[in-house]
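**Student:** Data: my_file_12.tsv, TSV, C-alpha atoms (C1' of nucleotides).
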```
chain	number	residue	atom	x	y	z
A	1	MET	CA	-9.53	0.12	3.43
A	2	ASN	CA	-11.01	-2.36	1.07
A	3	ILE	CA	-9.65	-0.42	-1.87
A	4	LEU	CA	-6.72	-1.71	-3.90
A	5	SER	CA	-3.31	-0.85	-2.52
A	6	ARG	CA	-0.97	1.04	-4.79
A	7	MET	CA	1.05	-2.05	-5.60
A	8	GLU	CA	-2.06	-4.05	-6.36
A	9	GLU	CA	-3.33	-1.36	-8.66
A	10	LEU	CA	-0.02	-1.10	-10.48
A	11	ILE	CA	0.18	-4.83	-10.97
A	12	LEU	CA	-3.34	-5.06	-12.31
A	13	LEU	CA	-2.61	-2.19	-14.67
A	14	SER	CA	0.58	-3.92	-15.81
A	15	VAL	CA	-1.38	-7.00	-16.67
A	16	TRP	CA	-3.81	-4.88	-18.59
A	17	LYS	CA	-1.08	-3.02	-20.43
A	18	LEU	CA	1.06	-6.02	-21.24
A	19	GLN	CA	-1.79	-8.06	-22.61
A	20	GLY	CA	-0.48	-11.44	-23.73
A	21	GLU	CA	2.96	-10.80	-22.25
A	22	ALA	CA	1.90	-10.42	-18.63
A	23	TYR	CA	3.97	-12.87	-16.63
A	24	GLY	CA	6.02	-12.33	-13.48
A	25	LEU	CA	9.41	-11.22	-14.73
A	26	GLN	CA	7.94	-9.18	-17.55
A	27	ILE	CA	5.66	-7.36	-15.14
A	28	ARG	CA	8.62	-6.72	-12.93
A	29	THR	CA	10.57	-5.15	-15.77
A	30	TYR	CA	7.64	-3.06	-16.86
A	31	LEU	CA	6.89	-1.78	-13.37
A	32	SER	CA	10.53	-1.11	-12.56
A	33	GLU	CA	10.62	1.29	-15.49
A	34	LEU	CA	7.32	2.84	-14.55
A	35	VAL	CA	8.37	3.67	-11.03
A	36	GLU	CA	11.99	4.25	-12.05
A	37	GLN	CA	13.28	1.85	-9.45
A	38	GLU	CA	14.33	-1.75	-9.51
A	39	LEU	CA	11.74	-4.02	-7.91
A	40	SER	CA	12.67	-7.30	-6.29
A	41	VAL	CA	11.07	-10.41	-7.70
A	42	GLY	CA	9.19	-10.96	-4.48
A	43	ALA	CA	7.69	-7.50	-4.73
A	44	VAL	CA	5.87	-8.73	-7.82
A	45	TYR	CA	5.31	-12.45	-7.31
A	46	VAL	CA	3.86	-12.19	-3.83
A	47	PRO	CA	1.08	-9.73	-4.69
A	48	LEU	CA	0.45	-11.49	-8.01
A	49	LYS	CA	-0.44	-14.62	-6.13
A	50	ARG	CA	-2.63	-12.77	-3.70
A	51	LEU	CA	-4.48	-11.00	-6.49
A	52	LYS	CA	-5.15	-14.29	-8.14
A	53	LYS	CA	-6.31	-15.93	-4.95
A	54	ARG	CA	-8.77	-13.08	-4.44
A	55	GLY	CA	-10.15	-13.36	-7.92
A	56	TYR	CA	-8.77	-10.20	-9.50
A	57	LEU	CA	-6.59	-12.17	-11.88
A	58	SER	CA	-6.68	-15.52	-13.57
A	59	SER	CA	-3.73	-17.31	-15.11
A	60	TRP	CA	-2.64	-20.00	-17.49
A	61	ASP	CA	0.70	-21.65	-18.05
A	62	SER	CA	2.44	-21.47	-21.40
A	63	ASP	CA	4.48	-24.16	-23.04
A	64	PRO	CA	8.25	-23.78	-22.73
A	65	THR	CA	9.90	-22.01	-25.65
A	66	ASP	CA	13.12	-23.02	-27.40
A	67	GLU	CA	15.06	-20.03	-26.15
A	68	ARG	CA	17.85	-20.44	-23.68
A	69	GLY	CA	16.19	-20.75	-20.29
A	70	GLY	CA	12.78	-20.48	-21.94
A	71	ARG	CA	10.70	-22.16	-19.29
A	72	THR	CA	6.96	-22.23	-19.07
A	73	LYS	CA	5.59	-18.86	-18.07
A	74	ARG	CA	2.56	-18.14	-15.96
A	75	PHE	CA	0.48	-15.59	-17.81
A	76	TYR	CA	-2.14	-13.49	-16.11
A	77	LYS	CA	-5.25	-11.71	-17.23
A	78	LEU	CA	-7.75	-9.47	-15.51
A	79	THR	CA	-11.04	-10.91	-14.36
A	80	GLU	CA	-14.28	-8.95	-14.28
A	81	LYS	CA	-13.66	-8.38	-10.61
A	82	GLY	CA	-10.21	-7.04	-11.41
A	83	VAL	CA	-11.57	-4.56	-13.90
A	84	THR	CA	-14.23	-3.44	-11.45
A	85	ALA	CA	-11.69	-2.91	-8.71
A	86	LEU	CA	-9.60	-0.80	-11.05
A	87	GLN	CA	-12.59	1.30	-11.96
A	88	GLN	CA	-13.35	1.84	-8.31
A	89	VAL	CA	-9.85	2.93	-7.43
A	90	LYS	CA	-9.80	5.25	-10.40
A	91	THR	CA	-12.98	6.94	-9.24
A	92	VAL	CA	-11.64	7.45	-5.74
A	93	GLN	CA	-8.41	8.75	-7.18
A	94	GLU	CA	-10.15	11.23	-9.44
A	95	ASN	CA	-12.35	12.48	-6.66
A	96	ALA	CA	-9.40	12.86	-4.34
A	97	TRP	CA	-7.53	14.94	-6.89
A	98	SER	CA	-10.40	17.11	-8.05
A	99	GLY	CA	-11.33	20.48	-6.65
A	100	LEU	CA	-8.06	21.09	-4.87
A	101	PRO	CA	-7.70	24.74	-3.89
A	102	ASP	CA	-4.63	26.76	-4.80
A	103	LEU	CA	-1.65	26.13	-2.62
A	104	GLY	CA	-1.28	29.91	-2.23
A	105	LEU	CA	-2.48	29.58	1.35
A	106	GLY	CA	-3.98	32.53	3.09
A	107	TRP	CA	-5.14	30.04	5.68
A	108	ASN	CA	-1.68	29.01	6.73
A	109	PRO	CA	-0.71	30.62	10.06
A	110	SER	CA	3.01	30.06	9.62
A	111	ILE	CA	3.35	32.09	6.43
B	1	MET	CA	8.50	1.13	-3.19
B	2	ASN	CA	9.51	4.55	-2.05
B	3	ILE	CA	6.37	6.00	-3.51
B	4	LEU	CA	3.51	7.13	-1.30
B	5	SER	CA	1.11	4.41	-0.29
B	6	ARG	CA	-2.53	4.94	-1.13
B	7	MET	CA	-3.43	5.93	2.41
B	8	GLU	CA	-0.56	8.35	2.62
B	9	GLU	CA	-1.57	9.94	-0.63
B	10	LEU	CA	-5.19	10.27	0.44
B	11	ILE	CA	-4.23	11.83	3.73
B	12	LEU	CA	-1.92	14.35	2.13
B	13	LEU	CA	-4.65	15.22	-0.35
B	14	SER	CA	-7.15	15.62	2.49
B	15	VAL	CA	-4.84	18.09	4.15
B	16	TRP	CA	-4.55	19.97	0.92
B	17	LYS	CA	-8.27	19.99	0.31
B	18	LEU	CA	-9.29	20.91	3.82
B	19	GLN	CA	-6.88	23.78	4.09
B	20	GLY	CA	-7.26	25.38	7.53
B	21	GLU	CA	-9.58	22.64	8.74
B	22	ALA	CA	-7.18	19.73	8.40
B	23	TYR	CA	-7.04	18.01	11.76
B	24	GLY	CA	-7.42	14.35	12.67
B	25	LEU	CA	-11.15	13.86	13.09
B	26	GLN	CA	-12.00	16.19	10.26
B	27	ILE	CA	-9.69	14.32	7.93
B	28	ARG	CA	-11.30	11.11	9.04
B	29	THR	CA	-14.76	12.40	8.21
B	30	TYR	CA	-13.65	13.73	4.86
B	31	LEU	CA	-11.87	10.54	3.86
B	32	SER	CA	-14.68	8.30	5.06
B	33	GLU	CA	-16.98	10.06	2.63
B	34	LEU	CA	-14.43	9.92	-0.13
B	35	VAL	CA	-13.94	6.19	0.09
B	36	GLU	CA	-17.54	5.60	1.13
B	37	GLN	CA	-16.52	3.63	4.16
B	38	GLU	CA	-16.09	4.46	7.81
B	39	LEU	CA	-12.44	4.72	8.80
B	40	SER	CA	-11.29	4.04	12.33
B	41	VAL	CA	-9.51	6.85	14.11
B	42	GLY	CA	-6.30	4.88	14.15
B	43	ALA	CA	-6.45	4.51	10.40
B	44	VAL	CA	-5.98	8.27	10.20
B	45	TYR	CA	-3.94	9.23	13.23
B	46	VAL	CA	-1.26	6.62	12.81
B	47	PRO	CA	-0.28	7.56	9.24
B	48	LEU	CA	-0.69	11.27	10.06
B	49	LYS	CA	2.02	10.97	12.63
B	50	ARG	CA	4.28	9.04	10.33
B	51	LEU	CA	3.84	11.57	7.55
B	52	LYS	CA	4.80	14.33	9.91
B	53	LYS	CA	7.81	12.47	11.22
B	54	ARG	CA	9.00	11.99	7.66
B	55	GLY	CA	8.60	15.63	6.80
B	56	TYR	CA	5.62	15.50	4.45
B	57	LEU	CA	3.46	17.43	6.88
B	58	SER	CA	3.96	20.02	9.55
B	59	SER	CA	1.50	20.86	12.30
B	60	TRP	CA	0.47	23.43	14.85
B	61	ASP	CA	-1.89	23.24	17.78
B	62	SER	CA	-4.90	25.50	17.96
B	63	ASP	CA	-6.37	27.07	21.04
B	64	PRO	CA	-9.42	25.34	22.48
B	65	THR	CA	-12.75	26.75	21.29
B	66	ASP	CA	-15.83	27.46	23.38
B	67	GLU	CA	-17.87	24.69	21.83
B	68	ARG	CA	-18.84	21.67	23.84
B	69	GLY	CA	-15.82	19.38	23.80
B	70	GLY	CA	-13.91	21.94	21.76
B	71	ARG	CA	-10.41	20.91	22.67
B	72	THR	CA	-7.23	22.07	21.03
B	73	LYS	CA	-6.86	20.62	17.58
B	74	ARG	CA	-3.70	19.63	15.83
B	75	PHE	CA	-3.78	21.16	12.39
B	76	TYR	CA	-1.64	19.95	9.55
B	77	LYS	CA	-0.27	21.48	6.40
B	78	LEU	CA	1.74	20.15	3.51
B	79	THR	CA	5.44	20.79	3.37
B	80	GLU	CA	7.40	21.26	0.17
B	81	LYS	CA	8.39	17.64	0.45
B	82	GLY	CA	4.75	16.67	0.77
B	83	VAL	CA	3.80	18.55	-2.36
B	84	THR	CA	6.69	17.00	-4.26
B	85	ALA	CA	5.71	13.51	-3.17
B	86	LEU	CA	2.17	14.13	-4.36
B	87	GLN	CA	3.42	15.32	-7.71
B	88	GLN	CA	5.54	12.23	-8.05
B	89	VAL	CA	2.73	9.85	-7.25
B	90	LYS	CA	0.47	11.68	-9.65
B	91	THR	CA	2.96	11.26	-12.46
B	92	VAL	CA	3.33	7.55	-11.82
B	93	GLN	CA	-0.42	7.23	-11.65
B	94	GLU	CA	-0.95	9.03	-14.91
B	95	ASN	CA	1.68	6.98	-16.67
B	96	ALA	CA	0.23	3.77	-15.32
B	97	TRP	CA	-3.21	4.65	-16.59
B	98	SER	CA	-2.21	6.00	-19.98
B	99	GLY	CA	-2.03	4.03	-23.17
B	100	LEU	CA	-4.07	1.10	-21.96
B	101	PRO	CA	-5.21	-1.06	-24.86
B	102	ASP	CA	-8.83	-2.02	-25.34
B	103	LEU	CA	-10.01	-4.82	-23.12
B	104	GLY	CA	-11.50	-6.51	-26.20
B	105	LEU	CA	-8.75	-9.11	-26.02
B	106	GLY	CA	-7.82	-11.08	-29.06
B	107	TRP	CA	-4.75	-12.15	-27.11
B	108	ASN	CA	-6.70	-13.99	-24.46
B	109	PRO	CA	-6.50	-17.74	-24.96
B	110	SER	CA	-9.50	-18.55	-22.79
B	111	ILE	CA	-12.03	-16.52	-24.81
C	1	DG	C1'	-20.17	16.52	40.57
C	2	DT	C1'	-21.50	13.66	36.65
C	3	DA	C1'	-22.47	13.18	31.86
C	4	DT	C1'	-21.51	14.10	27.21
C	5	DT	C1'	-18.83	15.65	23.46
C	6	DT	C1'	-14.71	16.42	20.78
C	7	DG	C1'	-10.38	15.32	20.27
C	8	DT	C1'	-5.65	12.68	20.45
C	9	DT	C1'	-2.70	8.68	21.85
C	10	DC	C1'	-1.58	4.15	22.21
C	11	DT	C1'	-1.20	-0.62	21.12
C	12	DA	C1'	-1.59	-5.13	19.46
C	13	DA	C1'	-3.19	-7.91	15.57
C	14	DA	C1'	-3.60	-8.36	10.72
C	15	DT	C1'	-2.01	-7.39	6.33
C	16	DT	C1'	1.17	-5.97	2.92
C	17	DT	C1'	5.69	-5.17	1.18
C	18	DT	C1'	10.28	-6.33	0.38
C	19	DA	C1'	14.72	-8.64	-0.37
C	20	DA	C1'	16.97	-12.41	-1.36
C	21	DA	C1'	17.86	-17.32	-1.20
C	22	DA	C1'	16.23	-21.56	-3.11
C	23	DC	C1'	14.52	-24.11	-6.56
C	24	DT	C1'	13.40	-25.62	-11.55
C	25	DA	C1'	14.05	-26.40	-16.22
C	26	DA	C1'	15.53	-24.93	-20.39
C	27	DT	C1'	19.74	-24.22	-23.84
C	28	DA	C1'	24.98	-23.72	-24.52
C	29	DT	C1'	29.59	-25.23	-24.31
C	30	DC	C1'	33.37	-28.09	-23.49
D	1	DG	C1'	27.47	-36.18	-20.77
D	2	DA	C1'	29.00	-32.74	-17.35
D	3	DT	C1'	28.96	-28.10	-16.29
D	4	DA	C1'	27.60	-23.40	-16.99
D	5	DT	C1'	24.30	-20.02	-17.94
D	6	DT	C1'	19.82	-18.19	-18.49
D	7	DA	C1'	14.85	-17.42	-17.58
D	8	DG	C1'	11.57	-18.26	-14.67
D	9	DT	C1'	8.77	-19.27	-10.13
D	10	DT	C1'	8.46	-20.25	-5.08
D	11	DT	C1'	9.39	-19.56	-0.53
D	12	DT	C1'	10.35	-17.21	3.62
D	13	DA	C1'	11.31	-14.16	7.14
D	14	DA	C1'	11.85	-9.36	8.41
D	15	DA	C1'	10.13	-4.80	8.00
D	16	DA	C1'	6.57	-1.66	7.23
D	17	DT	C1'	1.85	-0.36	7.04
D	18	DT	C1'	-2.91	-0.60	8.19
D	19	DT	C1'	-6.60	-1.16	11.22
D	20	DA	C1'	-9.78	-1.39	15.19
D	21	DG	C1'	-10.75	0.08	19.25
D	22	DA	C1'	-9.59	1.00	24.08
D	23	DA	C1'	-7.64	4.55	26.78
D	24	DC	C1'	-6.96	9.01	27.86
D	25	DA	C1'	-7.78	14.28	28.02
D	26	DA	C1'	-10.17	18.43	28.28
D	27	DA	C1'	-13.86	21.04	27.11
D	28	DT	C1'	-19.10	22.32	28.01
D	29	DA	C1'	-23.89	20.89	29.85
D	30	DC	C1'	-26.91	19.56	33.43
```
Is it possible to express this structure as structure tokens?

**Tutor:**
Amino acid sequence: MNILSRMEELILLSVWKLQGEAYGLQIRTYLSELVEQELSVGAVYVPLKRLKKRGYLSSWDSDPTDERGGRTKRFYKLTEKGVTALQQVKTVQENAWSGLPDLGLGWNPSI
Amino acid sequence: MNILSRMEELILLSVWKLQGEAYGLQIRTYLSELVEQELSVGAVYVPLKRLKKRGYLSSWDSDPTDERGGRTKRFYKLTEKGVTALQQVKTVQENAWSGLPDLGLGWNPSI
DNA sequence: GTATTTGTTCTAAATTTTAAAACTAATATC
DNA sequence: GATATTAGTTTTAAAATTTAGAACAAATAC
């Protein structure tokens, strides 16, 4: 449909929200809380890569830290294109949710 | 992710919005305008069926009308479950979009 | 009858999602 | 130093979803 999928939108928004801390595992933690459900690592890393390949995200690799297991992280940030895509999906979303009639339903034959 | 996909959400919202006029082709027309892009018939009918099978929608078949080509239409309406799923996705959406920091970005190493 | 219109069904290809195993590289502990 | 543990990314294959469009059906129009 040429509009961001839900997962793509949520990942882009995570990157936005997390600012300098937007790397794979962190995004996964953040999103798992947001949707109140544990996400697999693949559920985050796979779309992250795709979003980068398509130019919605760019990335840079950090230096390792001196914490236990503190490997280099791949940080992401939104590109212009990423911001634009988010704006677009937000507009569609707002339009879709606006002007909904009451659910009272005189038009419903089965009630 | 156990949350409605974008297409599923848009279709459920179409059904809500269109009230008594929510049948396949009409939904397609409505959504095509909403997303400003022609949708194929399959892009609507396939998820419509799935949403019904999963209990988000129910349907009834109209009588044919006396217009040219006026065949019986399959009308849809939201079930309780459908309304609940929409509420859930709206909550996630609102949370995802709230509290976003400025995009000014002091944290961005490449600027 | 034949054409045209409105409508739904079907289906196969493409894309996206998902889970989980594999891999990598750091510190900790013995 | 060997082994364990932790934090992190990559890979992969199955499942699910999306999509286009052909096929089919049933109505009116000519």

**Student:** Restrict the distance test to only C-alpha atoms (C1' of nucleotides), flag each residue of chain A within 8 Å of chain C, and return the flagged residues as a PyMOL selection string.

**Tutor:** chain A and resi 40+42-43+64+66-71

**Student:** Dump as a list in words the residues of chain B that approach chain A to within 7 Å, counting only C-alpha atoms.

**Tutor:**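 Those within range of chain A come out as Ser5, Arg6, Leu10, Leu13, Trp16, Lys17, Gln19, Gly20, Leu34, Val35, Val92, Ala96, Leu100, Pro101, Trp107 and Asn108 of chain B.
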
**Student:** Could you please take those selected residues and save C-alpha atoms as a PDB file, keeping the file's coordinate frame?

**Tutor:**
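Result written to selection.pdb:
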```pdb
ATOM      1  CA  SER B   5       1.110   4.410  -0.290  1.00  0.00           C
ATOM      2  CA  ARG B   6      -2.530   4.940  -1.130  1.00  0.00           C
ATOM      3  CA  LEU B  10      -5.190  10.270   0.440  1.00  0.00           C
ATOM      4  CA  LEU B  13      -4.650  15.220  -0.350  1.00  0.00           C
ATOM      5  CA  TRP B  16      -4.550  19.970   0.920  1.00  0.00           C
ATOM      6  CA  LYS B  17      -8.270  19.990   0.310  1.00  0.00           C
ATOM      7  CA  GLN B  19      -6.880  23.780   4.090  1.00  0.00           C
ATOM      8  CA  GLY B  20      -7.260  25.380   7.530  1.00  0.00           C
ATOM      9  CA  LEU B  34     -14.430   9.920  -0.130  1.00  0.00           C
ATOM     10  CA  VAL B  35     -13.940   6.190   0.090  1.00  0.00           C
ATOM     11  CA  VAL B  92       3.330   7.550 -11.820  1.00  0.00           C
ATOM     12  CA  ALA B  96       0.230   3.770 -15.320  1.00  0.00           C
ATOM     13  CA  LEU B 100      -4.070   1.100 -21.960  1.00  0.00           C
ATOM     14  CA  PRO B 101      -5.210  -1.060 -24.860  1.00  0.00           C
ATOM     15  CA  TRP B 107      -4.750 -12.150 -27.110  1.00  0.00           C
ATOM     16  CA  ASN B 108      -6.700 -13.990 -24.460  1.00  0.00           C
TER      17      ASN B 108
END
```

**Student:** Kindly give the distance, in Å, that separates atom CA of Gly24 of chain B and atom CA of Tyr45 of chain B, rounded to a single decimal.

**Tutor:**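 Distance reported for this atom pair: 6.2 Å.
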
**Student:** Residues of chain D within 12 Å of chain A, counting only C-alpha atoms (C1' of nucleotides), what are they? List them as a PDB file with C-alpha atoms (C1' of nucleotides), in the frame of the given file.

**Tutor:**
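Saved the output as part.pdb:
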```pdb
ATOM      1  C1'  DT D   5      24.300 -20.020 -17.940  1.00  0.00           C
ATOM      2  C1'  DT D   6      19.820 -18.190 -18.490  1.00  0.00           C
ATOM      3  C1'  DA D   7      14.850 -17.420 -17.580  1.00  0.00           C
ATOM      4  C1'  DG D   8      11.570 -18.260 -14.670  1.00  0.00           C
ATOM      5  C1'  DT D   9       8.770 -19.270 -10.130  1.00  0.00           C
ATOM      6  C1'  DT D  10       8.460 -20.250  -5.080  1.00  0.00           C
ATOM      7  C1'  DT D  11       9.390 -19.560  -0.530  1.00  0.00           C
ATOM      8  C1'  DT D  12      10.350 -17.210   3.620  1.00  0.00           C
ATOM      9  C1'  DT D  17       1.850  -0.360   7.040  1.00  0.00           C
ATOM     10  C1'  DT D  18      -2.910  -0.600   8.190  1.00  0.00           C
ATOM     11  C1'  DT D  19      -6.600  -1.160  11.220  1.00  0.00           C
ATOM     12  C1'  DA D  20      -9.780  -1.390  15.190  1.00  0.00           C
TER      13       DA D  20
END
```

**Student:** Could you check how far atom CA of Lys49 of chain A sits from atom CA of Glu8 of chain A, in Å to one decimal?

**Tutor:**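 Taking atom CA of Lys49 of chain A and atom CA of Glu8 of chain A, their separation equals 10.7 Å.
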
**Student:** Between atom CA of Arg28 of chain B and atom C1' of DA23 of chain D, what is the spacing in Å?

**Tutor:**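 Separation between atom C1' of DA23 of chain D and atom CA of Arg28 of chain B: 19.3 Å.
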